[in-house]
$ cat entry-v7.tsv   # TSV, C-alpha atoms
chain	number	residue	atom	x	y	z
A	142	MET	CA	-28.85	2.90	15.94
A	143	THR	CA	-28.56	-0.84	16.26
A	144	LEU	CA	-25.72	-2.51	18.07
A	145	ALA	CA	-24.30	-3.86	14.81
A	146	THR	CA	-23.89	-0.40	13.31
A	147	GLN	CA	-22.22	1.07	16.40
A	148	PRO	CA	-18.43	1.27	16.57
A	149	GLY	CA	-17.27	-2.16	17.66
A	150	GLY	CA	-20.05	-4.05	15.87
A	151	ASP	CA	-19.10	-6.36	12.98
A	152	ASN	CA	-21.44	-4.57	10.61
A	153	PHE	CA	-19.82	-1.24	11.44
A	154	TYR	CA	-16.42	-2.42	10.17
A	155	ASP	CA	-17.91	-3.99	7.03
A	156	ARG	CA	-19.72	-0.75	6.24
A	157	ALA	CA	-16.60	1.30	6.86
A	158	LEU	CA	-14.69	-0.81	4.32
A	159	GLU	CA	-17.54	-0.51	1.81
A	160	ARG	CA	-17.57	3.27	2.30
A	161	MET	CA	-13.83	3.38	1.70
A	162	ASP	CA	-14.26	1.41	-1.53
A	163	ARG	CA	-16.87	3.90	-2.71
A	164	LEU	CA	-14.75	6.85	-1.61
A	165	MET	CA	-11.80	5.52	-3.58
A	166	LEU	CA	-13.96	5.25	-6.69
A	167	VAL	CA	-15.36	8.76	-6.25
A	168	ILE	CA	-11.98	10.37	-5.49
A	169	GLY	CA	-10.34	8.42	-8.34
A	170	ILE	CA	-12.88	9.45	-10.97
A	171	ALA	CA	-12.98	13.07	-9.75
A	172	GLY	CA	-9.19	13.26	-9.55
A	173	ALA	CA	-8.61	11.73	-12.98
A	174	THR	CA	-11.16	14.06	-14.59
A	175	THR	CA	-9.69	17.13	-12.87
A	176	ALA	CA	-6.12	16.11	-13.78
A	177	CYS	CA	-7.18	15.57	-17.42
A	178	LEU	CA	-8.80	19.01	-17.60
A	179	VAL	CA	-6.09	20.93	-15.74
A	180	PHE	CA	-2.80	19.14	-16.53
A	181	GLY	CA	-3.58	17.22	-19.72
A	182	TRP	CA	-4.47	13.69	-20.66
A	183	ARG	CA	-1.04	12.20	-19.90
A	184	ILE	CA	-1.15	13.11	-16.20
A	185	GLY	CA	-4.87	12.33	-16.08
A	186	GLY	CA	-4.24	8.90	-17.60
A	187	GLY	CA	-1.40	8.29	-15.17
A	188	PHE	CA	-3.66	9.24	-12.27
A	189	ALA	CA	-6.40	6.91	-13.52
A	190	LEU	CA	-3.90	4.07	-13.88
A	191	GLY	CA	-2.42	4.74	-10.44
A	192	GLY	CA	-5.90	4.87	-8.95
A	193	GLY	CA	-6.79	1.56	-10.63
A	194	ILE	CA	-3.65	-0.10	-9.31
A	195	SER	CA	-4.18	1.21	-5.78
A	196	TYR	CA	-7.83	0.08	-5.89
A	197	LEU	CA	-6.72	-3.41	-6.95
A	198	ASN	CA	-3.94	-3.30	-4.35
A	199	PHE	CA	-6.39	-2.38	-1.61
A	200	TYR	CA	-8.79	-5.14	-2.73
A	201	TRP	CA	-6.00	-7.72	-2.60
A	202	LEU	CA	-4.84	-6.36	0.75
A	203	LYS	CA	-8.33	-6.95	2.15
A	204	LYS	CA	-8.37	-10.49	0.74
A	205	ILE	CA	-4.90	-11.21	2.15
A	206	VAL	CA	-5.82	-9.90	5.61
A	207	ALA	CA	-9.04	-11.94	5.55
A	208	GLY	CA	-7.00	-14.99	4.54
A	209	ILE	CA	-4.49	-14.42	7.34
A	210	SER	CA	-7.24	-13.99	9.92
A	211	GLU	CA	-8.99	-17.15	8.69
A	212	LEU	CA	-5.76	-19.09	8.93
A	213	THR	CA	-5.03	-17.69	12.40
A	214	ALA	CA	-8.51	-18.18	13.77
A	215	GLY	CA	-8.47	-21.74	12.47
A	216	ALA	CA	-11.78	-21.28	10.68
A	217	ALA	CA	-12.77	-23.65	7.86
A	218	SER	CA	-10.68	-21.89	5.26
A	219	ARG	CA	-10.58	-22.00	1.47
A	220	VAL	CA	-7.36	-20.01	1.31
A	221	SER	CA	-3.91	-21.53	1.37
A	222	ALA	CA	-0.91	-19.98	3.08
A	223	ARG	CA	1.03	-20.29	-0.16
A	224	GLY	CA	-1.66	-18.36	-2.05
A	225	VAL	CA	-1.62	-15.58	0.54
A	226	VAL	CA	2.16	-15.16	0.23
A	227	HIS	CA	2.04	-15.29	-3.57
A	228	ARG	CA	-0.62	-12.61	-3.74
A	229	PHE	CA	1.28	-10.44	-1.26
A	230	VAL	CA	4.41	-10.52	-3.42
A	231	LEU	CA	2.54	-10.27	-6.73
A	232	ARG	CA	1.13	-6.87	-5.69
A	233	TYR	CA	4.60	-5.34	-5.52
A	234	PHE	CA	5.69	-6.84	-8.82
A	235	LEU	CA	2.58	-5.49	-10.54
A	236	MET	CA	3.15	-1.98	-9.20
A	237	ALA	CA	6.84	-2.02	-10.12
A	238	LEU	CA	6.06	-3.29	-13.63
A	239	VAL	CA	3.48	-0.59	-14.33
A	240	ALA	CA	5.76	2.14	-12.92
A	241	PHE	CA	8.62	0.90	-15.12
A	242	VAL	CA	6.46	0.82	-18.27
A	243	ILE	CA	5.12	4.31	-17.56
A	244	LEU	CA	8.60	5.63	-16.85
A	245	ARG	CA	9.66	4.37	-20.28
A	246	VAL	CA	6.63	5.89	-22.03
A	247	SER	CA	6.23	9.26	-20.34
A	248	ARG	CA	7.72	10.84	-17.22
A	249	GLU	CA	4.72	13.20	-16.90
A	250	SER	CA	2.38	10.24	-16.49
A	251	LEU	CA	4.57	8.97	-13.69
A	252	TYR	CA	3.66	11.96	-11.51
A	253	GLY	CA	-0.02	11.24	-12.17
A	254	LEU	CA	0.59	7.58	-11.33
A	255	PHE	CA	2.18	8.50	-7.99
A	256	ALA	CA	-0.72	10.80	-7.16
A	257	GLY	CA	-3.15	7.99	-8.00
A	258	LEU	CA	-1.31	5.54	-5.75
A	259	PHE	CA	-2.25	7.68	-2.74
A	260	LEU	CA	-5.96	7.03	-3.30
A	261	PRO	CA	-6.35	4.69	-0.28
A	262	VAL	CA	-4.76	7.32	1.98
A	263	GLY	CA	-7.28	9.90	0.76
A	264	ALA	CA	-10.10	7.44	1.34
A	265	VAL	CA	-8.84	6.68	4.87
A	266	PHE	CA	-8.73	10.41	5.71
A	267	CYS	CA	-12.24	10.96	4.30
A	268	GLU	CA	-13.52	7.99	6.31
A	269	ALA	CA	-11.82	9.35	9.46
A	270	ALA	CA	-13.44	12.76	8.90
A	271	TYR	CA	-16.81	11.06	8.42
A	272	GLU	CA	-16.37	9.06	11.65
A	273	VAL	CA	-15.46	12.20	13.59
A	274	TYR	CA	-18.53	13.95	12.18
A	275	ARG	CA	-20.74	10.98	13.15
A	276	ALA	CA	-19.25	10.87	16.64
A	277	LEU	CA	-19.79	14.59	17.18
A	278	ARG	CA	-23.38	14.35	15.99
A	279	ARG	CA	-24.00	11.43	18.35
A	280	ASP	CA	-22.63	13.47	21.25
A	281	ASP	CA	-24.94	16.37	20.39
A	282	ALA	CA	-28.03	14.14	20.19
B	286	MET	CA	5.69	-22.96	3.64
B	287	ARG	CA	9.10	-22.72	5.34
B	288	THR	CA	10.84	-23.56	2.07
B	289	LEU	CA	8.85	-20.90	0.26
B	290	MET	CA	9.77	-18.30	2.87
B	291	ARG	CA	13.44	-19.28	2.57
B	292	VAL	CA	13.30	-18.94	-1.23
B	293	LEU	CA	11.63	-15.54	-0.92
B	294	SER	CA	14.14	-14.28	1.63
B	295	ASN	CA	17.03	-15.43	-0.57
B	296	MET	CA	15.45	-13.72	-3.56
B	297	PHE	CA	15.06	-10.43	-1.66
B	298	LEU	CA	18.65	-10.69	-0.39
B	299	ALA	CA	19.89	-11.13	-3.96
B	300	LEU	CA	17.78	-8.18	-5.15
B	301	SER	CA	19.08	-5.96	-2.35
B	302	ALA	CA	22.66	-6.92	-3.23
B	303	LEU	CA	21.99	-6.09	-6.89
B	304	SER	CA	20.62	-2.68	-5.91
B	305	PHE	CA	24.12	-1.71	-4.75
B	306	ALA	CA	25.42	-2.09	-8.31
B	307	VAL	CA	25.17	1.65	-8.98
B	308	PRO	CA	26.26	2.50	-12.55
B	309	ALA	CA	28.18	5.50	-11.17
B	310	PHE	CA	30.69	3.14	-9.57
B	311	ALA	CA	31.34	1.40	-12.89
B	312	GLN	CA	32.21	4.59	-14.73
B	313	GLY	CA	35.98	4.87	-14.73
B	314	GLY	CA	38.14	7.75	-15.94
B	315	GLU	CA	39.33	10.94	-14.37
B	316	THR	CA	36.29	13.08	-15.14
B	317	SER	CA	33.69	10.93	-13.40
B	318	ALA	CA	32.09	12.59	-10.37
B	319	THR	CA	30.30	10.58	-7.73
B	320	ASN	CA	26.57	11.15	-7.89
B	321	TRP	CA	25.92	11.47	-4.18
B	322	VAL	CA	22.26	12.36	-4.70
B	323	ALA	CA	21.58	9.05	-6.43
B	324	ILE	CA	23.46	7.12	-3.75
B	325	ALA	CA	21.63	8.96	-0.97
B	326	ALA	CA	18.34	8.26	-2.77
B	327	GLY	CA	19.16	4.56	-2.88
B	328	PHE	CA	19.98	4.49	0.81
B	329	SER	CA	16.89	6.49	1.77
B	330	MET	CA	14.66	4.13	-0.21
B	331	ALA	CA	16.35	1.16	1.44
B	332	ILE	CA	15.87	2.64	4.92
B	333	ALA	CA	12.25	3.52	4.18
B	334	SER	CA	11.53	0.05	2.81
B	335	ALA	CA	13.21	-1.61	5.78
B	336	GLY	CA	11.23	0.57	8.21
B	337	CYS	CA	7.97	-0.16	6.44
B	338	GLY	CA	8.77	-3.86	6.30
B	339	ILE	CA	9.48	-3.97	10.01
B	340	GLY	CA	6.32	-1.97	10.71
B	341	GLN	CA	4.15	-4.24	8.59
B	342	GLY	CA	5.69	-7.32	10.15
B	343	ARG	CA	5.10	-6.06	13.68
B	344	ALA	CA	1.54	-5.00	12.87
B	345	THR	CA	0.71	-8.38	11.33
B	346	ALA	CA	2.37	-10.28	14.18
B	347	SER	CA	0.42	-8.30	16.79
B	348	ALA	CA	-2.83	-8.71	14.87
B	349	THR	CA	-2.44	-12.48	14.48
B	350	GLU	CA	-1.54	-12.80	18.14
B	351	ALA	CA	-4.61	-10.78	19.11
B	352	LEU	CA	-6.76	-12.90	16.76
B	353	ALA	CA	-5.47	-16.10	18.29
B	354	ARG	CA	-6.22	-14.81	21.77
B	355	ASN	CA	-9.64	-13.42	20.97
B	356	PRO	CA	-11.20	-14.74	17.73
B	357	SER	CA	-14.51	-13.00	18.46
B	358	ALA	CA	-12.85	-9.60	17.90
B	359	ARG	CA	-11.91	-10.65	14.37
B	360	ALA	CA	-13.78	-7.91	12.48
B	361	GLY	CA	-12.23	-5.07	14.48
B	362	ILE	CA	-8.70	-6.49	14.35
B	363	GLN	CA	-9.01	-7.16	10.62
B	364	PHE	CA	-10.21	-3.60	9.98
B	365	ALA	CA	-7.38	-2.08	12.02
B	366	LEU	CA	-4.83	-4.28	10.26
B	367	ILE	CA	-6.08	-3.30	6.78
B	368	LEU	CA	-5.90	0.41	7.63
B	369	GLY	CA	-2.51	0.00	9.28
B	370	LEU	CA	-0.97	-1.90	6.38
B	371	ALA	CA	-2.38	0.57	3.81
B	372	LEU	CA	-0.99	3.56	5.72
B	373	ILE	CA	2.40	1.93	6.33
B	374	GLU	CA	2.69	1.11	2.62
B	375	SER	CA	1.96	4.71	1.75
B	376	LEU	CA	4.99	5.81	3.79
B	377	ALA	CA	7.31	3.96	1.42
B	378	LEU	CA	5.47	5.61	-1.47
B	379	TYR	CA	6.11	9.06	0.07
B	380	THR	CA	9.83	8.33	0.01
B	381	LEU	CA	9.67	7.13	-3.59
B	382	VAL	CA	7.81	10.29	-4.66
B	383	ILE	CA	10.36	12.54	-2.91
B	384	ILE	CA	13.20	10.64	-4.59
B	385	PHE	CA	11.62	11.06	-8.03
B	386	ALA	CA	11.00	14.74	-7.35
B	387	LYS	CA	14.57	15.41	-6.18
B	388	VAL	CA	16.71	13.08	-8.32
B	389	LYS	CA	16.98	14.29	-11.90
$ encode --input "entry-v7.tsv" --output "structure tokens"
Amino acid sequence: MTLATQPGGDNFYDRALERMDRLMLVIGIAGATTACLVFGWRIGGGFALGGGISYLNFYWLKKIVAGISELTAGAASRVSARGVVHRFVLRYFLMALVAFVILRVSRESLYGLFAGLFLPVGAVFCEAAYEVYRALRRDDA
Amino acid sequence: MRTLMRVLSNMFLALSALSFAVPAFAQGGETSATNWVAIAAGFSMAIASAGCGIGQGRATASATEALARNPSARAGIQFALILGLALIESLALYTLVIIFAKVK
């Protein structure tokens, strides 16, 4: 194991975020398919939509945090403080708009949407479990 | 930047004031019963949002302070901040889900 891939190395954190992105995709597709088969297409569609929104939300969150850290560290930055604030607020408006439209169309889909919005939490827990597994294996070796 | 923040804070203040305009209060007549569940749901969402807002603000403030002190630890601080903000946001979502499940 190189220093960069050990906990604390820059590469380690980048890989963890990449793994979480992949986990969100996997959990989202598996969850939407299962919800479609078990509860029907309305809840499955809501779950897929919620998963898509949370994926986009997480992507923007990463961009915003990167922007904030660039601004704080005083690095040569392409991001503006105004853009960071706009994006931060836009996320909430987007989520509220989609929830409102879905509430008008079908209440069943709303439950799927809520379940889909918890995708990042699921990905974080999966990543935590993976890290624990890696740490235990390292201790054994 | 300061002007933008002032506009945003005014906008959120106005929105929070509007959220108190519960339709139940506007319904006159002798037969109207106060819908305490809806009012409690509104207050619980407000408390949850305020708590999450404070949490996110504190997390971001601490992270930026840590970044300013030690820019070489940027990757680790950024990672912790992303996870923290995502988990704090999910707490407000938990409240929203419980409200939708309980309020008919």
$ closest_residue --input "entry-v7.tsv" --among "A:Ala264, A:Ile209, A:Leu244, A:Leu277" --to "B:Ala348" --atoms "all atoms listed in the file"
A:Ile209
$ closest_atom_pairs --input "entry-v7.tsv" --of "chain A" --to "chain B" --cutoff "9 Å" --atoms "only C-alpha atoms" --output "CSV"
residue,atom,partner,partner_atom,distance
A:Gly149,CA,B:Gly361,CA,6.6
A:Gly150,CA,B:Gly361,CA,8.0
A:Asp151,CA,B:Ala360,CA,5.6
A:Asn152,CA,B:Ala360,CA,8.6
A:Tyr154,CA,B:Phe364,CA,6.3
A:Asp155,CA,B:Ala360,CA,7.9
A:Ala157,CA,B:Phe364,CA,8.6
A:Leu158,CA,B:Phe364,CA,7.7
A:Phe199,CA,B:Ala371,CA,7.4
A:Leu202,CA,B:Ile367,CA,6.9
A:Lys203,CA,B:Ile367,CA,6.3
A:Val206,CA,B:Gln363,CA,6.5
A:Ala207,CA,B:Gln363,CA,7.0
A:Ile209,CA,B:Thr349,CA,7.7
A:Ser210,CA,B:Thr349,CA,6.8
A:Thr213,CA,B:Ala353,CA,6.1
A:Ala214,CA,B:Ala353,CA,5.8
A:Gly215,CA,B:Ala353,CA,8.6
A:Ala222,CA,B:Met286,CA,7.3
A:Arg223,CA,B:Met286,CA,6.6
A:Val226,CA,B:Met290,CA,8.6
A:Tyr252,CA,B:Val382,CA,8.2
A:Phe255,CA,B:Val382,CA,6.8
A:Ala256,CA,B:Val382,CA,8.9
A:Leu258,CA,B:Leu378,CA,8.0
A:Phe259,CA,B:Ser375,CA,6.8
A:Pro261,CA,B:Ala371,CA,7.0
A:Val262,CA,B:Leu372,CA,6.5
A:Val265,CA,B:Leu368,CA,7.5
$ atom_distance --input "entry-v7.tsv" --atom1 "atom CA of A:Gly192" --atom2 "atom CA of A:Leu164"
11.7 Å
$ closest_residue --input "entry-v7.tsv" --among "B:Val388, B:Ile383, B:Ala377, B:Ala346" --to "B:Ile332" --atoms "all atoms listed in the file"
B:Ala377
$ atom_distance --input "entry-v7.tsv" --atom1 "atom CA of A:Gly193" --atom2 "atom CA of A:Arg156"
21.4 Å
$ atom_distance --input "entry-v7.tsv" --atom1 "atom CA of A:Phe188" --atom2 "atom CA of A:Arg160"
21.0 Å
$ residues_around --input "entry-v7.tsv" --residues "A:Thr175" --least-positions-apart "4" --cutoff "12 Å" --atoms "only C-alpha atoms" --output "number ranges by chain"
A: 168-171, 179-182, 184-186, 188-189, 253
$ closest_residue --input "entry-v7.tsv" --among "B:Gln341, B:Ser347, B:Thr380, B:Thr319" --to "A:Phe229" --atoms "all atoms listed in the file"
B:Gln341
$ axis_aligned_box --input "entry-v7.tsv" --around "stretch 251-268 of chain A" --padding-each-side "8 Å" --output "AutoDock Vina command-line options"
--center_x -4.5 --center_y 8.3 --center_z -3.7 --size_x 34.1 --size_y 23.3 --size_z 36.0
$ closest_residue --input "entry-v7.tsv" --among "A:Leu212, A:Leu190, A:Ile205, A:Arg245" --to "A:Val230" --atoms "all atoms listed in the file"
A:Ile205
